[in-house]
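Asker: For reference, this is model-v6.cif, and it has mmCIF, C-alpha atoms.
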```cif
data_work
#
loop_
_atom_site.group_PDB
_atom_site.id
_atom_site.type_symbol
_atom_site.label_atom_id
_atom_site.label_comp_id
_atom_site.auth_asym_id
_atom_site.auth_seq_id
_atom_site.Cartn_x
_atom_site.Cartn_y
_atom_site.Cartn_z
ATOM 1 C CA MET A 1 -3.866 29.639 -21.340
ATOM 2 C CA GLY A 2 -1.559 26.647 -21.812
ATOM 3 C CA ARG A 3 -2.878 23.429 -23.203
ATOM 4 C CA GLY A 4 -3.471 20.765 -20.562
ATOM 5 C CA ARG A 5 -1.626 17.489 -20.741
ATOM 6 C CA ARG A 6 -3.756 14.794 -22.307
ATOM 7 C CA ALA A 7 -4.718 12.067 -19.868
ATOM 8 C CA ALA A 8 -3.519 8.536 -20.585
ATOM 9 C CA PRO A 9 -6.199 6.219 -21.991
ATOM 10 C CA VAL A 10 -7.874 3.686 -19.726
ATOM 11 C CA CYS A 11 -5.705 0.631 -19.142
ATOM 12 C CA PRO A 12 -7.125 -2.386 -21.018
ATOM 13 C CA LEU A 13 -5.448 -4.951 -18.741
ATOM 14 C CA PRO A 14 -6.569 -5.935 -15.240
ATOM 15 C CA GLN A 15 -4.145 -6.213 -12.344
ATOM 16 C CA ARG A 16 -2.307 -9.493 -11.899
ATOM 17 C CA ASP A 17 -1.668 -10.689 -8.336
ATOM 18 C CA GLY A 18 -2.504 -7.181 -7.147
ATOM 19 C CA ILE A 19 0.121 -5.575 -9.403
ATOM 20 C CA ASP A 20 -0.662 -3.007 -12.105
ATOM 21 C CA PRO A 21 0.583 -3.634 -15.648
ATOM 22 C CA VAL A 22 3.477 -1.568 -16.976
ATOM 23 C CA ARG A 23 2.431 1.309 -19.245
ATOM 24 C CA LEU A 24 4.683 2.594 -22.031
ATOM 25 C CA ARG A 25 4.216 5.660 -24.194
ATOM 26 C CA LEU A 26 6.138 5.094 -27.406
ATOM 27 C CA PRO A 27 8.664 7.934 -27.906
ATOM 28 C CA GLY A 28 9.262 10.021 -31.005
ATOM 29 C CA ASP A 29 11.254 8.411 -33.835
ATOM 30 C CA PRO A 30 12.496 11.215 -36.119
ATOM 31 C CA ASP A 31 15.125 8.936 -37.709
ATOM 32 C CA ARG A 32 12.602 6.152 -38.343
ATOM 33 C CA ALA A 33 14.803 3.639 -36.594
ATOM 34 C CA TRP A 34 11.822 1.464 -35.637
ATOM 35 C CA PRO A 35 9.612 0.481 -38.582
ATOM 36 C CA THR A 36 7.520 -1.748 -36.306
ATOM 37 C CA VAL A 37 6.508 -1.781 -32.670
ATOM 38 C CA ARG A 38 8.545 -4.972 -32.323
ATOM 39 C CA ASP A 39 11.696 -3.144 -33.423
ATOM 40 C CA HIS A 40 11.263 -0.628 -30.627
ATOM 41 C CA LEU A 41 10.420 -3.260 -28.005
ATOM 42 C CA VAL A 42 13.516 -5.273 -28.914
ATOM 43 C CA HIS A 43 15.620 -2.085 -28.759
ATOM 44 C CA ARG A 44 14.142 -1.271 -25.355
ATOM 45 C CA PHE A 45 14.137 -4.679 -23.668
ATOM 46 C CA ALA A 46 16.653 -6.933 -25.429
ATOM 47 C CA GLY A 47 19.329 -6.000 -22.898
ATOM 48 C CA THR A 48 17.198 -7.116 -19.940
ATOM 49 C CA VAL A 49 15.032 -10.010 -21.127
ATOM 50 C CA GLY A 50 16.397 -10.729 -24.632
ATOM 51 C CA ALA A 51 14.891 -10.473 -28.103
ATOM 52 C CA GLU A 52 13.567 -14.033 -27.956
ATOM 53 C CA ARG A 53 11.522 -13.216 -24.848
ATOM 54 C CA VAL A 54 10.113 -10.088 -26.494
ATOM 55 C CA ASP A 55 9.076 -12.159 -29.524
ATOM 56 C CA ALA A 56 7.472 -14.792 -27.302
ATOM 57 C CA MET A 57 5.466 -12.138 -25.454
ATOM 58 C CA LEU A 58 4.306 -10.699 -28.783
ATOM 59 C CA ARG A 59 3.218 -14.150 -29.966
ATOM 60 C CA ASP A 60 1.312 -14.677 -26.722
ATOM 61 C CA GLY A 61 -0.481 -11.340 -27.063
ATOM 62 C CA ARG A 62 1.038 -9.931 -23.880
ATOM 63 C CA PHE A 63 1.779 -6.466 -25.314
ATOM 64 C CA VAL A 64 -1.584 -4.732 -25.535
ATOM 65 C CA GLY A 65 -2.757 -1.422 -26.979
ATOM 66 C CA THR A 66 -6.116 0.279 -26.689
ATOM 67 C CA ASP A 67 -7.407 -1.870 -29.570
ATOM 68 C CA GLY A 68 -6.110 -5.202 -28.272
ATOM 69 C CA PRO A 69 -2.916 -7.302 -28.499
ATOM 70 C CA LEU A 70 -0.108 -6.019 -30.721
ATOM 71 C CA THR A 71 1.408 -8.065 -33.519
ATOM 72 C CA ALA A 72 5.099 -8.257 -34.402
ATOM 73 C CA ASP A 73 4.619 -6.461 -37.735
ATOM 74 C CA GLU A 74 2.466 -3.623 -36.381
ATOM 75 C CA PRO A 75 3.736 -0.248 -37.717
ATOM 76 C CA TYR A 76 5.412 1.980 -35.167
ATOM 77 C CA THR A 77 3.414 5.036 -34.085
ATOM 78 C CA ALA A 78 5.012 7.590 -31.747
ATOM 79 C CA GLY A 79 2.858 8.569 -28.782
ATOM 80 C CA ARG A 80 0.959 5.302 -28.692
ATOM 81 C CA HIS A 81 0.334 3.641 -25.327
ATOM 82 C CA VAL A 82 1.306 0.009 -24.740
ATOM 83 C CA TRP A 83 0.675 -2.100 -21.646
ATOM 84 C CA PHE A 84 2.110 -5.418 -20.464
ATOM 85 C CA HIS A 85 2.616 -7.459 -17.315
ATOM 86 C CA ARG A 86 6.138 -8.207 -16.178
ATOM 87 C CA ASP A 87 7.234 -11.729 -15.315
ATOM 88 C CA PHE A 88 7.587 -11.954 -11.541
ATOM 89 C CA ALA A 89 10.444 -13.946 -10.059
ATOM 90 C CA PRO A 90 9.398 -16.435 -7.357
ATOM 91 C CA GLU A 91 9.322 -14.861 -3.893
ATOM 92 C CA ALA A 92 9.567 -16.540 -0.522
ATOM 93 C CA PRO A 93 6.152 -16.079 1.124
ATOM 94 C CA VAL A 94 6.134 -14.105 4.357
ATOM 95 C CA PRO A 95 4.422 -16.502 6.795
ATOM 96 C CA CYS A 96 2.154 -13.947 8.469
ATOM 97 C CA GLU A 97 -1.129 -12.360 7.494
ATOM 98 C CA VAL A 98 -1.746 -8.638 7.137
ATOM 99 C CA GLY A 99 -4.124 -7.639 9.922
ATOM 100 C CA ILE A 100 -6.936 -5.138 9.422
ATOM 101 C CA VAL A 101 -7.421 -2.707 12.312
ATOM 102 C CA HIS A 102 -10.016 -0.525 10.563
ATOM 103 C CA ARG A 103 -11.820 -0.350 7.222
ATOM 104 C CA ASP A 104 -14.350 2.138 5.862
ATOM 105 C CA GLU A 105 -15.209 3.742 2.518
ATOM 106 C CA ARG A 106 -12.045 5.879 2.559
ATOM 107 C CA LEU A 107 -9.426 4.052 4.637
ATOM 108 C CA VAL A 108 -7.884 0.695 5.354
ATOM 109 C CA ILE A 109 -5.636 0.703 8.422
ATOM 110 C CA ALA A 110 -3.446 -2.381 8.018
ATOM 111 C CA ASP A 111 -1.392 -4.085 10.715
ATOM 112 C CA LYS A 112 1.654 -5.163 8.708
ATOM 113 C CA PRO A 113 3.817 -8.086 9.822
ATOM 114 C CA HIS A 114 7.603 -8.006 9.955
ATOM 115 C CA PHE A 115 9.469 -8.849 6.700
ATOM 116 C CA LEU A 116 6.634 -7.698 4.400
ATOM 117 C CA ALA A 117 7.360 -4.636 2.246
ATOM 118 C CA THR A 118 4.647 -1.979 2.070
ATOM 119 C CA THR A 119 4.775 -1.540 -1.716
ATOM 120 C CA PRO A 120 6.420 -3.351 -4.652
ATOM 121 C CA ARG A 121 10.092 -2.535 -4.983
ATOM 122 C CA GLY A 122 13.218 -4.392 -6.019
ATOM 123 C CA SER A 123 12.878 -8.128 -5.457
ATOM 124 C CA HIS A 124 9.687 -7.735 -3.381
ATOM 125 C CA ILE A 125 6.711 -7.449 -5.739
ATOM 126 C CA THR A 126 3.816 -9.808 -5.063
ATOM 127 C CA GLU A 127 4.878 -10.427 -1.449
ATOM 128 C CA THR A 128 3.977 -6.901 -0.341
ATOM 129 C CA ALA A 129 1.220 -5.499 1.822
ATOM 130 C CA LEU A 130 -0.246 -3.512 -1.074
ATOM 131 C CA ALA A 131 -0.474 -6.488 -3.433
ATOM 132 C CA ARG A 132 -1.928 -8.754 -0.744
ATOM 133 C CA LEU A 133 -4.572 -6.244 0.342
ATOM 134 C CA ARG A 134 -5.644 -5.446 -3.212
ATOM 135 C CA ARG A 135 -6.163 -9.161 -3.843
ATOM 136 C CA ASP A 136 -7.669 -10.141 -0.518
ATOM 137 C CA LEU A 137 -10.005 -7.157 -0.113
ATOM 138 C CA GLY A 138 -10.943 -6.785 -3.770
ATOM 139 C CA LEU A 139 -9.729 -3.153 -3.821
ATOM 140 C CA PRO A 140 -7.631 -2.720 -6.997
ATOM 141 C CA ALA A 141 -7.314 1.069 -6.555
ATOM 142 C CA LEU A 142 -5.907 0.810 -3.011
ATOM 143 C CA GLN A 143 -2.787 2.943 -2.382
ATOM 144 C CA PRO A 144 -0.644 3.684 0.693
ATOM 145 C CA ALA A 145 -0.528 7.205 2.091
ATOM 146 C CA HIS A 146 2.925 6.514 3.585
ATOM 147 C CA ARG A 147 5.417 3.666 3.872
ATOM 148 C CA LEU A 148 6.691 1.473 6.651
ATOM 149 C CA ASP A 149 10.104 -0.178 6.469
ATOM 150 C CA ARG A 150 9.967 -3.827 5.373
ATOM 151 C CA LEU A 151 11.461 -5.178 8.609
ATOM 152 C CA THR A 152 9.220 -3.042 10.844
ATOM 153 C CA ALA A 153 5.775 -4.301 11.842
ATOM 154 C CA GLY A 154 2.702 -2.242 12.592
ATOM 155 C CA LEU A 155 0.251 0.279 11.219
ATOM 156 C CA VAL A 156 0.086 1.504 7.635
ATOM 157 C CA LEU A 157 -2.661 3.794 6.317
ATOM 158 C CA PHE A 158 -4.037 2.823 2.901
ATOM 159 C CA VAL A 159 -6.481 4.939 0.896
ATOM 160 C CA VAL A 160 -9.383 3.243 -0.891
ATOM 161 C CA ARG A 161 -10.170 5.980 -3.447
ATOM 162 C CA PRO A 162 -7.325 7.523 -5.483
ATOM 163 C CA GLY A 163 -8.861 10.984 -5.264
ATOM 164 C CA ASP A 164 -8.533 10.953 -1.464
ATOM 165 C CA ARG A 165 -4.878 9.974 -1.375
ATOM 166 C CA GLY A 166 -3.380 13.456 -1.620
ATOM 167 C CA ALA A 167 -5.228 14.732 1.448
ATOM 168 C CA TYR A 168 -3.905 11.904 3.633
ATOM 169 C CA GLN A 169 -0.390 12.104 2.174
ATOM 170 C CA THR A 170 -0.385 15.804 3.063
ATOM 171 C CA LEU A 171 -1.021 14.935 6.718
ATOM 172 C CA PHE A 172 2.181 12.880 6.779
ATOM 173 C CA ARG A 173 4.138 15.425 4.761
ATOM 174 C CA ASP A 174 3.142 18.263 7.085
ATOM 175 C CA ARG A 175 3.835 16.170 10.237
ATOM 176 C CA ARG A 176 0.210 16.270 11.344
ATOM 177 C CA VAL A 177 0.159 12.547 12.135
ATOM 178 C CA ARG A 178 1.311 11.528 15.591
ATOM 179 C CA LYS A 179 3.194 8.250 15.221
ATOM 180 C CA GLU A 180 4.232 6.183 18.208
ATOM 181 C CA TYR A 181 6.591 3.219 17.916
ATOM 182 C CA GLU A 182 7.660 0.547 20.357
ATOM 183 C CA ALA A 183 11.058 -1.174 20.409
ATOM 184 C CA VAL A 184 12.902 -3.793 22.413
ATOM 185 C CA ALA A 185 16.613 -3.125 22.908
ATOM 186 C CA PRO A 186 19.262 -3.640 25.588
ATOM 187 C CA TYR A 187 18.728 -1.805 28.853
ATOM 188 C CA ASP A 188 21.615 0.437 29.835
ATOM 189 C CA PRO A 189 21.233 2.421 33.087
ATOM 190 C CA GLY A 190 24.068 4.651 31.902
ATOM 191 C CA VAL A 191 21.917 6.067 29.061
ATOM 192 C CA ALA A 192 19.957 9.046 30.375
ATOM 193 C CA LEU A 193 16.341 8.861 29.237
ATOM 194 C CA PRO A 194 14.077 10.348 28.051
ATOM 195 C CA VAL A 195 16.128 12.034 25.366
ATOM 196 C CA THR A 196 15.429 13.822 22.095
ATOM 197 C CA VAL A 197 17.895 12.934 19.356
ATOM 198 C CA ARG A 198 18.497 15.259 16.407
ATOM 199 C CA SER A 199 20.929 14.499 13.597
ATOM 200 C CA ARG A 200 21.480 14.703 9.871
ATOM 201 C CA ILE A 201 20.796 11.329 8.225
ATOM 202 C CA GLU A 202 21.688 10.501 4.632
ATOM 203 C CA LYS A 203 20.794 7.345 2.736
ATOM 204 C CA GLU A 204 22.513 6.536 -0.560
ATOM 205 C CA ARG A 205 20.719 4.448 -3.166
ATOM 206 C CA GLY A 206 22.174 0.945 -3.274
ATOM 207 C CA VAL A 207 23.816 1.256 0.156
ATOM 208 C CA PRO A 208 21.911 -0.782 2.791
ATOM 209 C CA ALA A 209 22.539 1.407 5.838
ATOM 210 C CA ALA A 210 21.884 5.093 6.321
ATOM 211 C CA ARG A 211 24.520 7.186 8.070
ATOM 212 C CA VAL A 212 24.761 10.232 10.287
ATOM 213 C CA VAL A 213 26.767 13.064 8.711
ATOM 214 C CA PRO A 214 27.755 16.558 9.831
ATOM 215 C CA GLY A 215 25.356 19.342 9.020
ATOM 216 C CA GLU A 216 21.957 20.793 9.827
ATOM 217 C CA PRO A 217 19.759 18.137 11.486
ATOM 218 C CA ASN A 218 17.022 16.707 9.267
ATOM 219 C CA SER A 219 15.712 14.115 11.733
ATOM 220 C CA GLU A 220 14.321 14.154 15.260
ATOM 221 C CA SER A 221 13.204 11.342 17.576
ATOM 222 C CA ARG A 222 12.250 11.170 21.230
ATOM 223 C CA ILE A 223 13.291 8.007 23.087
ATOM 224 C CA GLU A 224 11.531 7.023 26.323
ATOM 225 C CA LEU A 225 12.015 3.955 28.512
ATOM 226 C CA LEU A 226 8.688 2.300 29.355
ATOM 227 C CA GLU A 227 10.036 -0.561 31.471
ATOM 228 C CA GLN A 228 13.059 -2.815 31.847
ATOM 229 C CA ARG A 229 13.183 -6.540 32.460
ATOM 230 C CA GLY A 230 15.851 -9.227 32.144
ATOM 231 C CA GLY A 231 18.532 -6.913 30.783
ATOM 232 C CA LEU A 232 16.186 -5.566 28.105
ATOM 233 C CA GLY A 233 14.238 -2.352 27.841
ATOM 234 C CA ARG A 234 10.899 -1.644 26.204
ATOM 235 C CA TYR A 235 11.029 1.794 24.622
ATOM 236 C CA ARG A 236 8.520 4.299 23.303
ATOM 237 C CA LEU A 237 9.828 6.077 20.198
ATOM 238 C CA LEU A 238 8.221 9.277 18.947
ATOM 239 C CA PRO A 239 9.563 10.412 15.566
ATOM 240 C CA ALA A 240 8.988 14.049 14.652
ATOM 241 C CA THR A 241 10.390 13.436 11.150
ATOM 242 C CA GLY A 242 10.433 10.456 8.801
ATOM 243 C CA ARG A 243 13.893 9.803 7.429
ATOM 244 C CA THR A 244 14.762 6.315 6.159
ATOM 245 C CA HIS A 245 15.721 4.016 9.092
ATOM 246 C CA GLN A 246 15.552 7.047 11.411
ATOM 247 C CA LEU A 247 14.528 5.238 14.599
ATOM 248 C CA ARG A 248 17.000 2.427 14.020
ATOM 249 C CA VAL A 249 19.822 4.931 13.455
ATOM 250 C CA HIS A 250 18.911 6.985 16.523
ATOM 251 C CA MET A 251 18.554 3.979 18.815
ATOM 252 C CA SER A 252 21.889 2.582 17.683
ATOM 253 C CA GLY A 253 23.562 5.972 18.045
ATOM 254 C CA ALA A 254 22.260 6.200 21.606
ATOM 255 C CA GLY A 255 23.932 2.887 22.402
ATOM 256 C CA LEU A 256 20.625 0.989 22.374
ATOM 257 C CA PRO A 257 20.546 -0.971 19.088
ATOM 258 C CA ILE A 258 17.155 -2.560 18.446
ATOM 259 C CA LEU A 259 17.161 -6.342 18.814
ATOM 260 C CA ASN A 260 17.720 -8.326 15.590
ATOM 261 C CA ASP A 261 18.649 -5.265 13.530
ATOM 262 C CA PRO A 262 20.770 -6.529 10.599
ATOM 263 C CA LEU A 263 22.119 -3.055 9.739
ATOM 264 C CA TYR A 264 22.762 -1.099 12.938
ATOM 265 C CA PRO A 265 25.252 -0.843 14.465
ATOM 266 C CA SER A 266 26.888 -3.278 11.978
ATOM 267 C CA VAL A 267 25.767 -4.490 8.565
ATOM 268 C CA LEU A 268 25.424 -8.273 8.680
ATOM 269 C CA PRO A 269 26.100 -10.447 5.612
ATOM 270 C CA GLU A 270 23.056 -11.110 3.458
ATOM 271 C CA GLY A 271 21.559 -14.577 3.645
ATOM 272 C CA PRO A 272 18.245 -16.401 3.650
ATOM 273 C CA GLU A 273 15.499 -14.601 5.557
ATOM 274 C CA ASP A 274 15.282 -15.799 9.163
ATOM 275 C CA PHE A 275 11.625 -15.318 10.040
ATOM 276 C CA SER A 276 12.340 -16.405 13.622
ATOM 277 C CA ARG A 277 14.359 -13.235 14.288
ATOM 278 C CA PRO A 278 12.171 -10.226 13.425
ATOM 279 C CA LEU A 279 13.415 -6.714 14.051
ATOM 280 C CA GLN A 280 11.946 -5.694 17.402
ATOM 281 C CA LEU A 281 10.349 -2.495 16.160
ATOM 282 C CA LEU A 282 6.610 -1.893 15.939
ATOM 283 C CA ALA A 283 4.584 1.062 14.615
ATOM 284 C CA ARG A 284 2.187 1.041 17.574
ATOM 285 C CA THR A 285 -0.233 3.950 16.984
ATOM 286 C CA LEU A 286 -1.374 6.492 14.384
ATOM 287 C CA GLU A 287 -3.318 9.578 15.470
ATOM 288 C CA PHE A 288 -4.568 12.401 13.249
ATOM 289 C CA THR A 289 -7.517 14.645 12.402
ATOM 290 C CA ASP A 290 -9.339 13.264 9.377
ATOM 291 C CA PRO A 291 -9.057 15.819 6.530
ATOM 292 C CA PHE A 292 -12.579 15.044 5.274
ATOM 293 C CA THR A 293 -14.653 14.645 8.429
ATOM 294 C CA GLY A 294 -12.656 16.644 10.970
ATOM 295 C CA GLU A 295 -12.888 13.629 13.287
ATOM 296 C CA ARG A 296 -9.978 12.778 15.567
ATOM 297 C CA ARG A 297 -8.789 9.283 14.626
ATOM 298 C CA LEU A 298 -6.642 7.018 16.807
ATOM 299 C CA PHE A 299 -5.615 3.525 15.732
ATOM 300 C CA ALA A 300 -3.503 0.998 17.630
ATOM 301 C CA SER A 301 -1.664 -2.124 16.463
ATOM 302 C CA ARG A 302 -2.767 -5.472 17.836
ATOM 303 C CA ARG A 303 0.703 -6.958 17.453
ATOM 304 C CA ARG A 304 3.287 -7.412 20.189
ATOM 305 C CA LEU A 305 7.044 -7.667 20.038
ATOM 306 C CA ALA A 306 7.922 -11.322 20.467
ATOM 307 C CA GLN A 307 11.193 -10.854 22.350
ATOM 308 C CA TRP A 308 9.867 -8.745 25.182
ATOM 309 C CA PRO A 309 9.925 -11.084 28.216
ATOM 310 C CA ARG A 310 6.516 -11.813 29.648
ATOM 311 C CA SER A 311 6.054 -11.009 33.323
ATOM 312 C CA ILE A 312 5.137 -13.761 35.769
ATOM 313 C CA HIS A 313 1.655 -12.227 35.957
ATOM 314 C CA SER A 314 0.980 -12.217 32.191
#
```
Starting from the coordinates I provided, produce the structure as structure tokens.
Answerer:
Amino acid sequence: MGRGRRAAPVCPLPQRDGIDPVRLRLPGDPDRAWPTVRDHLVHRFAGTVGAERVDAMLRDGRFVGTDGPLTADEPYTAGRHVWFHRDFAPEAPVPCEVGIVHRDERLVIADKPHFLATTPRGSHITETALARLRRDLGLPALQPAHRLDRLTAGLVLFVVRPGDRGAYQTLFRDRRVRKEYEAVAPYDPGVALPVTVRSRIEKERGVPAARVVPGEPNSESRIELLEQRGGLGRYRLLPATGRTHQLRVHMSGAGLPILNDPLYPSVLPEGPEDFSRPLQLLARTLEFTDPFTGERRLFASRRRLAQWPRSIHS
């Protein structure tokens, strides 16, 4: 039998603003290039934050091992674990709260607002649904079972206990979660609906918009018109797959670009966030059979799309 991989030691640092500390495992040093831990940290981070910042963090005790803060002259030991918190750049607060549709000992079903990322990534770290919920609910182990695009509002399933996460992630991976979205887009009587759109979508890292390319389809969405009013349509979108920006790509390709979409059909220049113009796309419902209880679960968002015209009777 092979030897199992040794588990990492327990992190000695608490979360900060709902964000876990960074964990490093010091690599091998056969040439003895790093007599001290400081030498390695400077080698590793001088290009991003500078040697002076590394030294300041060492003086402040911000690099921590299992036995406490590290000192600048601490001898280098390969395989040792080191933790620290990154410095977070200021972020513009998203002026909407994360709603809670359901909470129990296993799940938190959050109702995410537009403009709030699901998880920390890029320039969005503390202003994310995960960080907010960990702080506000006092659930440091909370993790998402799937992701929702930053500009899209609606339901996200979070798992309270890490050991349960895999079972719920598997539901999404195996397409055993029925997801229903709602969108507001132009109404065009010339577009025959309902329609099922299948295409091959590719998304390159660093490129804002995904694109449709020739080849075997890897995405499928059903588009249905619910009602039309004032030159706009309210659409039900049923994705069978979960490619990046899939619904936005398929709506645009059908000639029905979702209102306030900054990427489709054309990529708009980047600028300050305009919170008054949210993308008119909402993850309306999640439906699945709970992998632990066998219970059929159905959750619905309490949000509404702001640019759908109200009727005279509403």
Asker: Looking at all atoms listed in the file, which of A:Arg38, A:Thr119, A:Tyr76, A:Ser252 is the one that sits closest to Leu58 in chain A?
Answerer: A:Arg38
Asker: Name the closest residue to Asp261 in chain A among the candidates A:His114, A:Arg178, A:Arg302, A:Arg59; distances are taken between atoms, counting all atoms listed in the file.
Answerer: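 Residue with the minimum atom-to-atom distance to Asp261 in chain A: A:His114.
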Asker: For Arg234 in chain A, find every residue with an atom within 9 Å (counting all atoms listed in the file), except residues of its own chain fewer than 6 positions away, and show them as a short mmCIF file (atom, residue, chain, number, x, y, z; two decimals) with C-alpha atoms, keeping the file's coordinate frame.
Answerer:
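Wrote it out as around36.cif, contents follow:
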```
data_model
loop_
_atom_site.label_atom_id
_atom_site.label_comp_id
_atom_site.auth_asym_id
_atom_site.auth_seq_id
_atom_site.Cartn_x
_atom_site.Cartn_y
_atom_site.Cartn_z
CA GLU A 182 7.66 0.55 20.36
CA ALA A 183 11.06 -1.17 20.41
CA VAL A 184 12.90 -3.79 22.41
CA ALA A 185 16.61 -3.12 22.91
CA PRO A 186 19.26 -3.64 25.59
CA TYR A 187 18.73 -1.80 28.85
CA GLU A 224 11.53 7.02 26.32
CA LEU A 225 12.02 3.96 28.51
CA LEU A 226 8.69 2.30 29.36
CA GLU A 227 10.04 -0.56 31.47
CA GLN A 228 13.06 -2.82 31.85
CA TRP A 308 9.87 -8.74 25.18
#
```
Asker: Tell me which residues the PyMOL selection byres ((chain A and resi 238) around 6) grabs here, as a PyMOL selection string.
Answerer: chain A and resi 180+221-222+237+239
Asker: So which one's closest to Arg200 in chain A, A:Leu298, A:Ala78, A:Leu268, A:Val212? Using all atoms listed in the file, please.
Answerer: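 The closest residue to Arg200 in chain A is A:Val212.
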Asker: Near range 160-168 of chain A, within 8 Å and counting only C-alpha atoms, which residues show up once chain neighbours fewer than 3 positions away are dropped, as a list of chain:residue names?
Answerer: A:Glu105, A:Arg106, A:Leu107, A:Val108, A:Leu139, A:Ala141, A:Leu142, A:Gln143, A:Pro144, A:Ala145, A:Leu171, A:Phe172, A:Pro291
Asker: How would the residues just chosen look if you wrote them out with C-alpha atoms as a PDB file, in the frame of the given file?
Answerer:
```
ATOM      1  CA  GLU A 105     -15.209   3.742   2.518  1.00  0.00           C
ATOM      2  CA  ARG A 106     -12.045   5.879   2.559  1.00  0.00           C
ATOM      3  CA  LEU A 107      -9.426   4.052   4.637  1.00  0.00           C
ATOM      4  CA  VAL A 108      -7.884   0.695   5.354  1.00  0.00           C
ATOM      5  CA  LEU A 139      -9.729  -3.153  -3.821  1.00  0.00           C
ATOM      6  CA  ALA A 141      -7.314   1.069  -6.555  1.00  0.00           C
ATOM      7  CA  LEU A 142      -5.907   0.810  -3.011  1.00  0.00           C
ATOM      8  CA  GLN A 143      -2.787   2.943  -2.382  1.00  0.00           C
ATOM      9  CA  PRO A 144      -0.644   3.684   0.693  1.00  0.00           C
ATOM     10  CA  ALA A 145      -0.528   7.205   2.091  1.00  0.00           C
ATOM     11  CA  LEU A 171      -1.021  14.935   6.718  1.00  0.00           C
ATOM     12  CA  PHE A 172       2.181  12.880   6.779  1.00  0.00           C
ATOM     13  CA  PRO A 291      -9.057  15.819   6.530  1.00  0.00           C
TER      14      PRO A 291
END
```
Asker: At a cut-off of 10 Å from (1.6, -13.7, -5.0) in the coordinates of the file, what residues are picked up using all atoms listed in the file, written as a list in words?
Answerer: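 Nearby residues: Arg16, Asp17, Gly18, Ile19, Phe88, Pro90, Glu91, Ala92, Pro93, Ile125, Thr126, Glu127, Thr128, Ala131, Arg132 and Arg135 of chain A.
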Asker: Go through the shown structure with the PyMOL selection byres ((chain A and resi 35) around 9) and write out the matching residues as a list in words.
Answerer: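 What the PyMOL selection byres ((chain A and resi 35) around 9) grabs from the file is Arg32, Ala33, Trp34, Thr36, Val37, Arg38, Asp39, His40, Asp73, Glu74, Pro75, Tyr76 and Thr77 of chain A.
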Asker: Expand the PyMOL selection byres ((chain A and resi 156) around 12) into the explicit residue set it covers here, and present it as a compact mmCIF listing (two decimals) with C-alpha atoms, in the coordinates of the input.
Answerer:
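Saved the output as selection14.txt:
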```
# COMPACT_ATOMS: atom_id res chain seq x y z
CA VAL A 98 -1.75 -8.64 7.14
CA GLY A 99 -4.12 -7.64 9.92
CA ILE A 100 -6.94 -5.14 9.42
CA VAL A 101 -7.42 -2.71 12.31
CA HIS A 102 -10.02 -0.52 10.56
CA LEU A 107 -9.43 4.05 4.64
CA VAL A 108 -7.88 0.70 5.35
CA ILE A 109 -5.64 0.70 8.42
CA ALA A 110 -3.45 -2.38 8.02
CA ASP A 111 -1.39 -4.08 10.72
CA LYS A 112 1.65 -5.16 8.71
CA PRO A 113 3.82 -8.09 9.82
CA LEU A 116 6.63 -7.70 4.40
CA ALA A 117 7.36 -4.64 2.25
CA THR A 118 4.65 -1.98 2.07
CA THR A 119 4.78 -1.54 -1.72
CA ALA A 129 1.22 -5.50 1.82
CA LEU A 130 -0.25 -3.51 -1.07
CA LEU A 133 -4.57 -6.24 0.34
CA GLN A 143 -2.79 2.94 -2.38
CA PRO A 144 -0.64 3.68 0.69
CA ALA A 145 -0.53 7.20 2.09
CA HIS A 146 2.92 6.51 3.58
CA ARG A 147 5.42 3.67 3.87
CA LEU A 148 6.69 1.47 6.65
CA ASP A 149 10.10 -0.18 6.47
CA ARG A 150 9.97 -3.83 5.37
CA THR A 152 9.22 -3.04 10.84
CA ALA A 153 5.78 -4.30 11.84
CA GLY A 154 2.70 -2.24 12.59
CA LEU A 155 0.25 0.28 11.22
CA LEU A 157 -2.66 3.79 6.32
CA PHE A 158 -4.04 2.82 2.90
CA VAL A 159 -6.48 4.94 0.90
CA TYR A 168 -3.90 11.90 3.63
CA GLN A 169 -0.39 12.10 2.17
CA PHE A 172 2.18 12.88 6.78
CA VAL A 177 0.16 12.55 12.14
CA LYS A 179 3.19 8.25 15.22
CA LEU A 282 6.61 -1.89 15.94
CA ALA A 283 4.58 1.06 14.62
CA ARG A 284 2.19 1.04 17.57
CA THR A 285 -0.23 3.95 16.98
CA LEU A 286 -1.37 6.49 14.38
CA GLU A 287 -3.32 9.58 15.47
CA PHE A 299 -5.62 3.52 15.73
CA ALA A 300 -3.50 1.00 17.63
CA SER A 301 -1.66 -2.12 16.46
```
Asker: Let me make sure I understand: among A:Asp55, A:Asp29, A:Glu97, A:Glu220, which one has the smallest atom-to-atom distance to Arg175 in chain A if we use all atoms listed in the file?
Answerer: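 Closest to Arg175 in chain A of all the choices is A:Glu220.
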Asker: Would you please work out which residue, of A:Thr293, A:Gly242, A:Val42, A:Phe115, is nearest to Pro272 in chain A when using all atoms listed in the file?
Answerer: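 Checking each candidate against Pro272 in chain A, we get A:Phe115 as the closest.
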Asker: Identify, on the basis of all atoms listed in the file, every residue whose closest approach to His85 in chain A does not exceed 9 Å; exclude the query and any residue fewer than 6 positions from it along the same chain; express the result as a list of chain:residue names.
Answerer: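 The contact residues come out as A:Leu13, A:Gln15, A:Arg16, A:Ile19, A:Asp20, A:Pro21, A:Val22, A:Arg23, A:Arg62, A:Phe63.
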Asker: Pick out the closest residue to Ala209 in chain A from this set: A:Val197, A:Ala72, A:Val267, A:Ala192. Count only C-alpha atoms.
Answerer: A:Val267
Asker: Interatomic distance between CA of Ile258 in chain A and CA of Gln246 in chain A?
Answerer: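 Spanning CA of Ile258 in chain A to CA of Gln246 in chain A is a straight-line distance of 12.0 Å.
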